[in-house]
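Everything below belongs to final_35.pdb, which stores PDB, C-alpha atoms.
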```pdb
ATOM      1  CA  SER A   1     103.309  83.914  95.016  1.00  0.00           C
ATOM      2  CA  SER A   2     103.037  83.617  91.239  1.00  0.00           C
ATOM      3  CA  GLY A   3     103.359  87.351  90.774  1.00  0.00           C
ATOM      4  CA  ALA A   4      99.929  87.515  89.156  1.00  0.00           C
ATOM      5  CA  LYS A   5      97.915  90.554  90.135  1.00  0.00           C
ATOM      6  CA  ARG A   6      95.108  89.693  92.512  1.00  0.00           C
ATOM      7  CA  LYS A   7      91.610  90.534  91.251  1.00  0.00           C
ATOM      8  CA  LYS A   8      89.747  93.150  93.258  1.00  0.00           C
ATOM      9  CA  ARG A   9      86.743  91.653  95.041  1.00  0.00           C
ATOM     10  CA  ILE A  10      83.792  93.960  95.572  1.00  0.00           C
ATOM     11  CA  GLY A  11      81.070  93.274  98.131  1.00  0.00           C
ATOM     12  CA  ILE A  12      77.667  94.853  97.459  1.00  0.00           C
ATOM     13  CA  LEU A  13      75.029  95.267 100.153  1.00  0.00           C
ATOM     14  CA  THR A  14      71.723  97.058 100.471  1.00  0.00           C
ATOM     15  CA  SER A  15      70.714  98.222 103.902  1.00  0.00           C
ATOM     16  CA  GLY A  16      67.928 100.056 105.687  1.00  0.00           C
ATOM     17  CA  GLY A  17      64.577 100.626 104.014  1.00  0.00           C
ATOM     18  CA  ASP A  18      64.471  99.389 100.442  1.00  0.00           C
ATOM     19  CA  SER A  19      63.830 101.798  97.610  1.00  0.00           C
ATOM     20  CA  CYS A  20      63.217 101.520  93.882  1.00  0.00           C
ATOM     21  CA  GLY A  21      66.455 101.526  91.962  1.00  0.00           C
ATOM     22  CA  MET A  22      68.465  99.485  94.463  1.00  0.00           C
ATOM     23  CA  ASN A  23      68.290  96.433  92.181  1.00  0.00           C
ATOM     24  CA  ALA A  24      69.392  98.521  89.204  1.00  0.00           C
ATOM     25  CA  ALA A  25      72.353  99.773  91.252  1.00  0.00           C
ATOM     26  CA  VAL A  26      73.320  96.223  92.288  1.00  0.00           C
ATOM     27  CA  ARG A  27      73.085  95.108  88.649  1.00  0.00           C
ATOM     28  CA  SER A  28      75.185  98.024  87.425  1.00  0.00           C
ATOM     29  CA  ILE A  29      77.890  97.535  90.050  1.00  0.00           C
ATOM     30  CA  ALA A  30      78.072  93.796  89.349  1.00  0.00           C
ATOM     31  CA  ARG A  31      78.303  94.217  85.577  1.00  0.00           C
ATOM     32  CA  VAL A  32      80.820  97.064  85.666  1.00  0.00           C
ATOM     33  CA  SER A  33      82.879  94.996  88.121  1.00  0.00           C
ATOM     34  CA  LEU A  34      82.858  91.982  85.802  1.00  0.00           C
ATOM     35  CA  ASN A  35      83.727  94.146  82.771  1.00  0.00           C
ATOM     36  CA  SER A  36      86.632  95.636  84.747  1.00  0.00           C
ATOM     37  CA  GLY A  37      88.067  92.242  85.687  1.00  0.00           C
ATOM     38  CA  CYS A  38      86.867  92.425  89.302  1.00  0.00           C
ATOM     39  CA  VAL A  39      84.853  89.841  91.222  1.00  0.00           C
ATOM     40  CA  PRO A  40      81.496  91.080  92.619  1.00  0.00           C
ATOM     41  CA  TYR A  41      79.846  89.519  95.668  1.00  0.00           C
ATOM     42  CA  ALA A  42      76.288  90.007  96.872  1.00  0.00           C
ATOM     43  CA  ILE A  43      75.989  90.346 100.636  1.00  0.00           C
ATOM     44  CA  TYR A  44      72.448  89.198 101.379  1.00  0.00           C
ATOM     45  CA  GLU A  45      70.316  90.884 104.067  1.00  0.00           C
ATOM     46  CA  GLY A  46      72.607  93.903 104.452  1.00  0.00           C
ATOM     47  CA  TYR A  47      74.872  94.180 107.478  1.00  0.00           C
ATOM     48  CA  GLN A  48      73.205  91.095 108.986  1.00  0.00           C
ATOM     49  CA  GLY A  49      74.585  89.047 106.095  1.00  0.00           C
ATOM     50  CA  LEU A  50      77.983  90.650 106.559  1.00  0.00           C
ATOM     51  CA  VAL A  51      77.982  89.591 110.221  1.00  0.00           C
ATOM     52  CA  ASP A  52      76.576  86.097 109.496  1.00  0.00           C
ATOM     53  CA  GLY A  53      78.918  85.313 106.595  1.00  0.00           C
ATOM     54  CA  GLY A  54      78.725  81.850 105.040  1.00  0.00           C
ATOM     55  CA  ASN A  55      76.021  81.550 102.396  1.00  0.00           C
ATOM     56  CA  SER A  56      75.018  85.186 102.970  1.00  0.00           C
ATOM     57  CA  ILE A  57      78.029  86.256 100.890  1.00  0.00           C
ATOM     58  CA  ARG A  58      77.891  84.892  97.336  1.00  0.00           C
ATOM     59  CA  GLN A  59      79.825  85.619  94.180  1.00  0.00           C
ATOM     60  CA  LEU A  60      77.775  87.220  91.398  1.00  0.00           C
ATOM     61  CA  GLY A  61      77.996  86.394  87.714  1.00  0.00           C
ATOM     62  CA  TRP A  62      76.546  88.176  84.694  1.00  0.00           C
ATOM     63  CA  GLU A  63      73.393  86.030  84.649  1.00  0.00           C
ATOM     64  CA  ASP A  64      72.750  86.449  88.399  1.00  0.00           C
ATOM     65  CA  VAL A  65      71.735  90.074  87.853  1.00  0.00           C
ATOM     66  CA  ARG A  66      70.037  89.589  84.493  1.00  0.00           C
ATOM     67  CA  SER A  67      66.424  90.385  85.399  1.00  0.00           C
ATOM     68  CA  LEU A  68      66.938  92.956  88.165  1.00  0.00           C
ATOM     69  CA  LEU A  69      66.167  96.184  86.259  1.00  0.00           C
ATOM     70  CA  SER A  70      62.399  95.789  86.322  1.00  0.00           C
ATOM     71  CA  VAL A  71      62.162  94.556  89.920  1.00  0.00           C
ATOM     72  CA  GLY A  72      61.498  97.087  92.696  1.00  0.00           C
ATOM     73  CA  GLY A  73      63.125  97.079  96.098  1.00  0.00           C
ATOM     74  CA  THR A  74      66.177  94.922  96.684  1.00  0.00           C
ATOM     75  CA  SER A  75      66.529  91.307  95.614  1.00  0.00           C
ATOM     76  CA  ILE A  76      69.578  90.785  97.830  1.00  0.00           C
ATOM     77  CA  GLY A  77      67.562  91.815 100.868  1.00  0.00           C
ATOM     78  CA  THR A  78      67.946  94.224 103.711  1.00  0.00           C
ATOM     79  CA  ALA A  79      67.622  93.821 107.463  1.00  0.00           C
ATOM     80  CA  ARG A  80      68.092  95.756 110.656  1.00  0.00           C
ATOM     81  CA  CYS A  81      71.224  94.491 112.358  1.00  0.00           C
ATOM     82  CA  LYS A  82      71.733  95.120 116.060  1.00  0.00           C
ATOM     83  CA  ALA A  83      74.915  93.025 116.054  1.00  0.00           C
ATOM     84  CA  PHE A  84      76.683  95.421 113.638  1.00  0.00           C
ATOM     85  CA  ARG A  85      76.076  98.301 116.040  1.00  0.00           C
ATOM     86  CA  GLU A  86      78.426  96.616 118.524  1.00  0.00           C
ATOM     87  CA  ARG A  87      82.172  96.196 118.014  1.00  0.00           C
ATOM     88  CA  GLU A  88      81.870  92.399 118.303  1.00  0.00           C
ATOM     89  CA  GLY A  89      79.489  92.399 115.334  1.00  0.00           C
ATOM     90  CA  ARG A  90      81.845  94.578 113.301  1.00  0.00           C
ATOM     91  CA  LEU A  91      84.680  92.155 114.179  1.00  0.00           C
ATOM     92  CA  LYS A  92      82.634  89.296 112.690  1.00  0.00           C
ATOM     93  CA  ALA A  93      81.890  91.429 109.624  1.00  0.00           C
ATOM     94  CA  ALA A  94      85.588  92.227 109.154  1.00  0.00           C
ATOM     95  CA  LYS A  95      86.498  88.553 109.517  1.00  0.00           C
ATOM     96  CA  ASN A  96      83.921  87.599 106.872  1.00  0.00           C
ATOM     97  CA  LEU A  97      85.236  90.234 104.475  1.00  0.00           C
ATOM     98  CA  ILE A  98      88.807  88.975 104.965  1.00  0.00           C
ATOM     99  CA  SER A  99      87.863  85.295 104.648  1.00  0.00           C
ATOM    100  CA  ASN A 100      86.135  86.059 101.316  1.00  0.00           C
ATOM    101  CA  GLY A 101      89.039  88.225 100.153  1.00  0.00           C
ATOM    102  CA  ILE A 102      86.749  91.231  99.735  1.00  0.00           C
ATOM    103  CA  ASP A 103      88.739  94.461  99.628  1.00  0.00           C
ATOM    104  CA  ALA A 104      86.007  96.872  98.525  1.00  0.00           C
ATOM    105  CA  LEU A 105      82.489  97.399  99.797  1.00  0.00           C
ATOM    106  CA  VAL A 106      79.601  99.231  98.144  1.00  0.00           C
ATOM    107  CA  VAL A 107      76.860 100.132 100.618  1.00  0.00           C
ATOM    108  CA  ILE A 108      73.503 101.196  99.190  1.00  0.00           C
ATOM    109  CA  GLY A 109      71.247 102.708 101.847  1.00  0.00           C
ATOM    110  CA  GLY A 110      70.260 105.746 103.832  1.00  0.00           C
ATOM    111  CA  ASP A 111      71.786 107.698 106.694  1.00  0.00           C
ATOM    112  CA  GLY A 112      72.000 104.801 109.174  1.00  0.00           C
ATOM    113  CA  SER A 113      73.497 102.470 106.581  1.00  0.00           C
ATOM    114  CA  LEU A 114      76.159 104.945 105.550  1.00  0.00           C
ATOM    115  CA  THR A 115      76.910 105.755 109.192  1.00  0.00           C
ATOM    116  CA  GLY A 116      77.545 102.028 109.712  1.00  0.00           C
ATOM    117  CA  ALA A 117      79.909 102.046 106.727  1.00  0.00           C
ATOM    118  CA  ASP A 118      81.764 104.991 108.249  1.00  0.00           C
ATOM    119  CA  PHE A 119      82.167 103.122 111.565  1.00  0.00           C
ATOM    120  CA  LEU A 120      83.621 100.149 109.681  1.00  0.00           C
ATOM    121  CA  ARG A 121      85.983 102.458 107.768  1.00  0.00           C
ATOM    122  CA  ALA A 122      87.186 104.195 110.922  1.00  0.00           C
ATOM    123  CA  GLU A 123      87.767 100.956 112.840  1.00  0.00           C
ATOM    124  CA  TRP A 124      89.047  98.760 109.979  1.00  0.00           C
ATOM    125  CA  SER A 125      92.733  98.703 110.887  1.00  0.00           C
ATOM    126  CA  GLY A 126      91.995  98.152 114.584  1.00  0.00           C
ATOM    127  CA  LEU A 127      89.511  95.377 113.783  1.00  0.00           C
ATOM    128  CA  LEU A 128      92.104  93.543 111.714  1.00  0.00           C
ATOM    129  CA  ASP A 129      94.749  93.932 114.426  1.00  0.00           C
ATOM    130  CA  GLU A 130      92.327  92.543 117.018  1.00  0.00           C
ATOM    131  CA  LEU A 131      91.396  89.574 114.801  1.00  0.00           C
ATOM    132  CA  ILE A 132      95.095  88.786 114.283  1.00  0.00           C
ATOM    133  CA  GLU A 133      95.727  89.089 118.030  1.00  0.00           C
ATOM    134  CA  ARG A 134      92.820  86.703 118.731  1.00  0.00           C
ATOM    135  CA  LYS A 135      94.286  84.346 116.090  1.00  0.00           C
ATOM    136  CA  GLU A 136      90.994  84.372 114.147  1.00  0.00           C
ATOM    137  CA  ILE A 137      92.838  85.423 111.004  1.00  0.00           C
ATOM    138  CA  SER A 138      96.505  85.330 110.109  1.00  0.00           C
ATOM    139  CA  LYS A 139      98.622  88.374 109.352  1.00  0.00           C
ATOM    140  CA  GLU A 140      99.228  86.930 105.872  1.00  0.00           C
ATOM    141  CA  GLU A 141      95.488  86.659 105.198  1.00  0.00           C
ATOM    142  CA  CYS A 142      94.971  90.370 105.593  1.00  0.00           C
ATOM    143  CA  ASP A 143      98.257  91.727 104.201  1.00  0.00           C
ATOM    144  CA  GLU A 144      96.668  92.496 100.798  1.00  0.00           C
ATOM    145  CA  LEU A 145      93.385  93.533 102.431  1.00  0.00           C
ATOM    146  CA  ARG A 146      94.675  96.197 104.822  1.00  0.00           C
ATOM    147  CA  ASP A 147      93.024  98.955 102.795  1.00  0.00           C
ATOM    148  CA  LEU A 148      89.261  98.562 102.580  1.00  0.00           C
ATOM    149  CA  THR A 149      87.675 100.765  99.923  1.00  0.00           C
ATOM    150  CA  ILE A 150      84.121 101.780 100.827  1.00  0.00           C
ATOM    151  CA  VAL A 151      81.692 103.498  98.480  1.00  0.00           C
ATOM    152  CA  GLY A 152      78.304 104.718  99.685  1.00  0.00           C
ATOM    153  CA  LEU A 153      75.320 105.127  97.364  1.00  0.00           C
ATOM    154  CA  VAL A 154      72.362 106.878  98.918  1.00  0.00           C
ATOM    155  CA  GLY A 155      69.258 104.730  98.539  1.00  0.00           C
ATOM    156  CA  SER A 156      66.345 106.504 100.195  1.00  0.00           C
ATOM    157  CA  ILE A 157      62.920 107.671  99.068  1.00  0.00           C
ATOM    158  CA  ASP A 158      63.304 110.658 101.409  1.00  0.00           C
ATOM    159  CA  ASN A 159      65.897 112.480  99.256  1.00  0.00           C
ATOM    160  CA  ASP A 160      67.247 114.037 102.447  1.00  0.00           C
ATOM    161  CA  MET A 161      70.992 113.388 102.218  1.00  0.00           C
ATOM    162  CA  SER A 162      73.169 116.473 102.290  1.00  0.00           C
ATOM    163  CA  MET A 163      75.393 117.067  99.242  1.00  0.00           C
ATOM    164  CA  THR A 164      73.315 114.658  97.097  1.00  0.00           C
ATOM    165  CA  ASP A 165      71.105 116.029  94.331  1.00  0.00           C
ATOM    166  CA  CYS A 166      68.832 113.017  94.070  1.00  0.00           C
ATOM    167  CA  THR A 167      68.868 109.750  95.977  1.00  0.00           C
ATOM    168  CA  ILE A 168      68.175 106.281  94.551  1.00  0.00           C
ATOM    169  CA  GLY A 169      64.402 105.816  94.826  1.00  0.00           C
ATOM    170  CA  ALA A 170      63.324 109.442  95.280  1.00  0.00           C
ATOM    171  CA  VAL A 171      62.197 110.053  91.684  1.00  0.00           C
ATOM    172  CA  THR A 172      60.107 106.860  91.540  1.00  0.00           C
ATOM    173  CA  CYS A 173      58.544 107.720  94.896  1.00  0.00           C
ATOM    174  CA  LEU A 174      57.540 111.193  93.712  1.00  0.00           C
ATOM    175  CA  HIS A 175      56.211 109.761  90.446  1.00  0.00           C
ATOM    176  CA  ARG A 176      53.991 107.300  92.348  1.00  0.00           C
ATOM    177  CA  ILE A 177      52.719 110.067  94.642  1.00  0.00           C
ATOM    178  CA  CYS A 178      51.802 112.175  91.610  1.00  0.00           C
ATOM    179  CA  GLU A 179      50.000 109.200  89.991  1.00  0.00           C
ATOM    180  CA  ALA A 180      48.019 108.624  93.197  1.00  0.00           C
ATOM    181  CA  VAL A 181      47.043 112.309  93.497  1.00  0.00           C
ATOM    182  CA  ASP A 182      46.036 112.396  89.797  1.00  0.00           C
ATOM    183  CA  SER A 183      43.859 109.302  90.342  1.00  0.00           C
ATOM    184  CA  ILE A 184      42.178 110.878  93.357  1.00  0.00           C
ATOM    185  CA  THR A 185      41.498 114.090  91.415  1.00  0.00           C
ATOM    186  CA  SER A 186      39.900 112.320  88.443  1.00  0.00           C
ATOM    187  CA  THR A 187      37.846 110.041  90.713  1.00  0.00           C
ATOM    188  CA  ALA A 188      36.603 112.944  92.813  1.00  0.00           C
TER
END
```
As structure tokens, how would this structure be written, given the file I've shared?
Amino acid sequence: SSGAKRKKRIGILTSGGDSCGMNAAVRSIARVSLNSGCVPYAIYEGYQGLVDGGNSIRQLGWEDVRSLLSVGGTSIGTARCKAFREREGRLKAAKNLISNGIDALVVIGGDGSLTGADFLRAEWSGLLDELIERKEISKEECDELRDLTIVGLVGSIDNDMSMTDCTIGAVTCLHRICEAVDSITSTA
């Protein structure tokens, strides 16, 4: 060990139904991470990408998020993931986080997505112990990654999350509804 402080690696995923503003959130997280000396990673296709690993987890640079502000939905994708609902799927996800050195995860999604993040948080230590026992990762690999930081950002056009004033996507959704109603009124 050279004694140099290890850079925090932050995984970013969008999950569940996409909503306007998810791309802006991904861009903001990536750029703040880079400005703070951290290393951001995009996890493509939500929890499915976390389970699949490989090319579904890619480091982000400043230019990778350059044109995301004006694009709706989520450019890093989202998918339903049955595998993550099972412990075996969460084991694969944990292994992929460890193998990429990711020690923080930002989940942008609705109730189901954030519930999945809470499952991962609750089981994290046990998942790592099981992976070590199975000899899929070494104890040394996860020594610095024992504490997984998880941040949830509510991305939902429904604006129905308790304790949240306004969810990512809700304002744009309401604006579009108002535009449509105004158009109907003037046409009628």
Fewer than 6 positions away in the same chain doesn't count, so skip those; otherwise give me all residues within 9 Å of segment 30-34 of chain A, counting only C-alpha atoms, as a PDB file with C-alpha atoms, keeping the file's coordinate frame.
```
ATOM      1  CA  LYS A   8      89.747  93.150  93.258  1.00  0.00           C
ATOM      2  CA  ARG A   9      86.743  91.653  95.041  1.00  0.00           C
ATOM      3  CA  ILE A  10      83.792  93.960  95.572  1.00  0.00           C
ATOM      4  CA  ILE A  12      77.667  94.853  97.459  1.00  0.00           C
ATOM      5  CA  PRO A  40      81.496  91.080  92.619  1.00  0.00           C
ATOM      6  CA  TYR A  41      79.846  89.519  95.668  1.00  0.00           C
ATOM      7  CA  ALA A  42      76.288  90.007  96.872  1.00  0.00           C
ATOM      8  CA  LEU A  60      77.775  87.220  91.398  1.00  0.00           C
ATOM      9  CA  GLY A  61      77.996  86.394  87.714  1.00  0.00           C
ATOM     10  CA  TRP A  62      76.546  88.176  84.694  1.00  0.00           C
ATOM     11  CA  VAL A  65      71.735  90.074  87.853  1.00  0.00           C
TER      12      VAL A  65
END
```
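From atom CA of Arg176 of chain A back to atom CA of Ala24 of chain A, the distance works out to 18.0 Å.
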With all atoms of segment 27-38 of chain A from the file as input, state the centre and edge lengths in Å to one decimal of the axis-aligned box that has 8 Å extra on each side, as lines of an AutoDock Vina configuration file.
```
center_x = 80.6
center_y = 95.0
center_z = 86.4
size_x = 31.0
size_y = 22.0
size_z = 23.3
```
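For the set A:Leu97, A:Val71, A:Val154, A:Cys178, the residue with the smallest atom-to-atom gap to Asn23 of chain A is A:Val71, counting all atoms listed in the file.
Atom pair atom CA of Arg146 of chain A / atom CA of Arg134 of chain A: separated by 16.9 Å.
Take the candidates A:Gly155, A:Glu86, A:Gly112, A:Ser99 and check each one against Val26 of chain A using only C-alpha atoms; the shortest distance goes to A:Gly155.
In this model, the gap between atom CA of Cys142 of chain A and atom CA of Thr78 of chain A comes to 27.4 Å.
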Which residues, named as in the file, does the PyMOL selection byres ((chain A and resi 153) around 9) pick out? Answer as a ChimeraX atom specification. /A:25,106-110,114,151-152,154-155,167-168
Of A:Gly101, A:Glu140, A:Cys81, A:Gly11, the one sitting nearest Ile57 of chain A when using all atoms listed in the file is A:Gly11
Leu50 of chain A: which residues within 7 Å, counting all atoms listed in the file, same-chain residues fewer than 3 positions away excluded, as a PyMOL selection string? chain A and resi 43+46-47+53+93+96
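Counting only C-alpha atoms, Glu88 of chain A has the following residues at most 12 Å away, ignoring those fewer than 4 positions along the same chain: Val51, Lys82, Ala83, Phe84, Lys92, Ala93, Ala94, Lys95, Leu120, Glu123, Leu127, Glu130 and Leu131 of chain A.
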Which residue gives the smallest distance to Arg66 of chain A among A:Arg90, A:Lys7, A:Lys139, A:Arg27, with all atoms listed in the file counted? A:Arg27
Could you check the closest approach to Ile98 of chain A for each of A:Leu69, A:Ala180, A:Ile137, A:Ala122 and tell me which residue wins, using all atoms listed in the file? A:Ile137
My list of candidates is A:Ile150, A:Ala79, A:Cys38, A:Leu91. Which is closest to Gln59 of chain A when distances are computed with only C-alpha atoms? A:Cys38
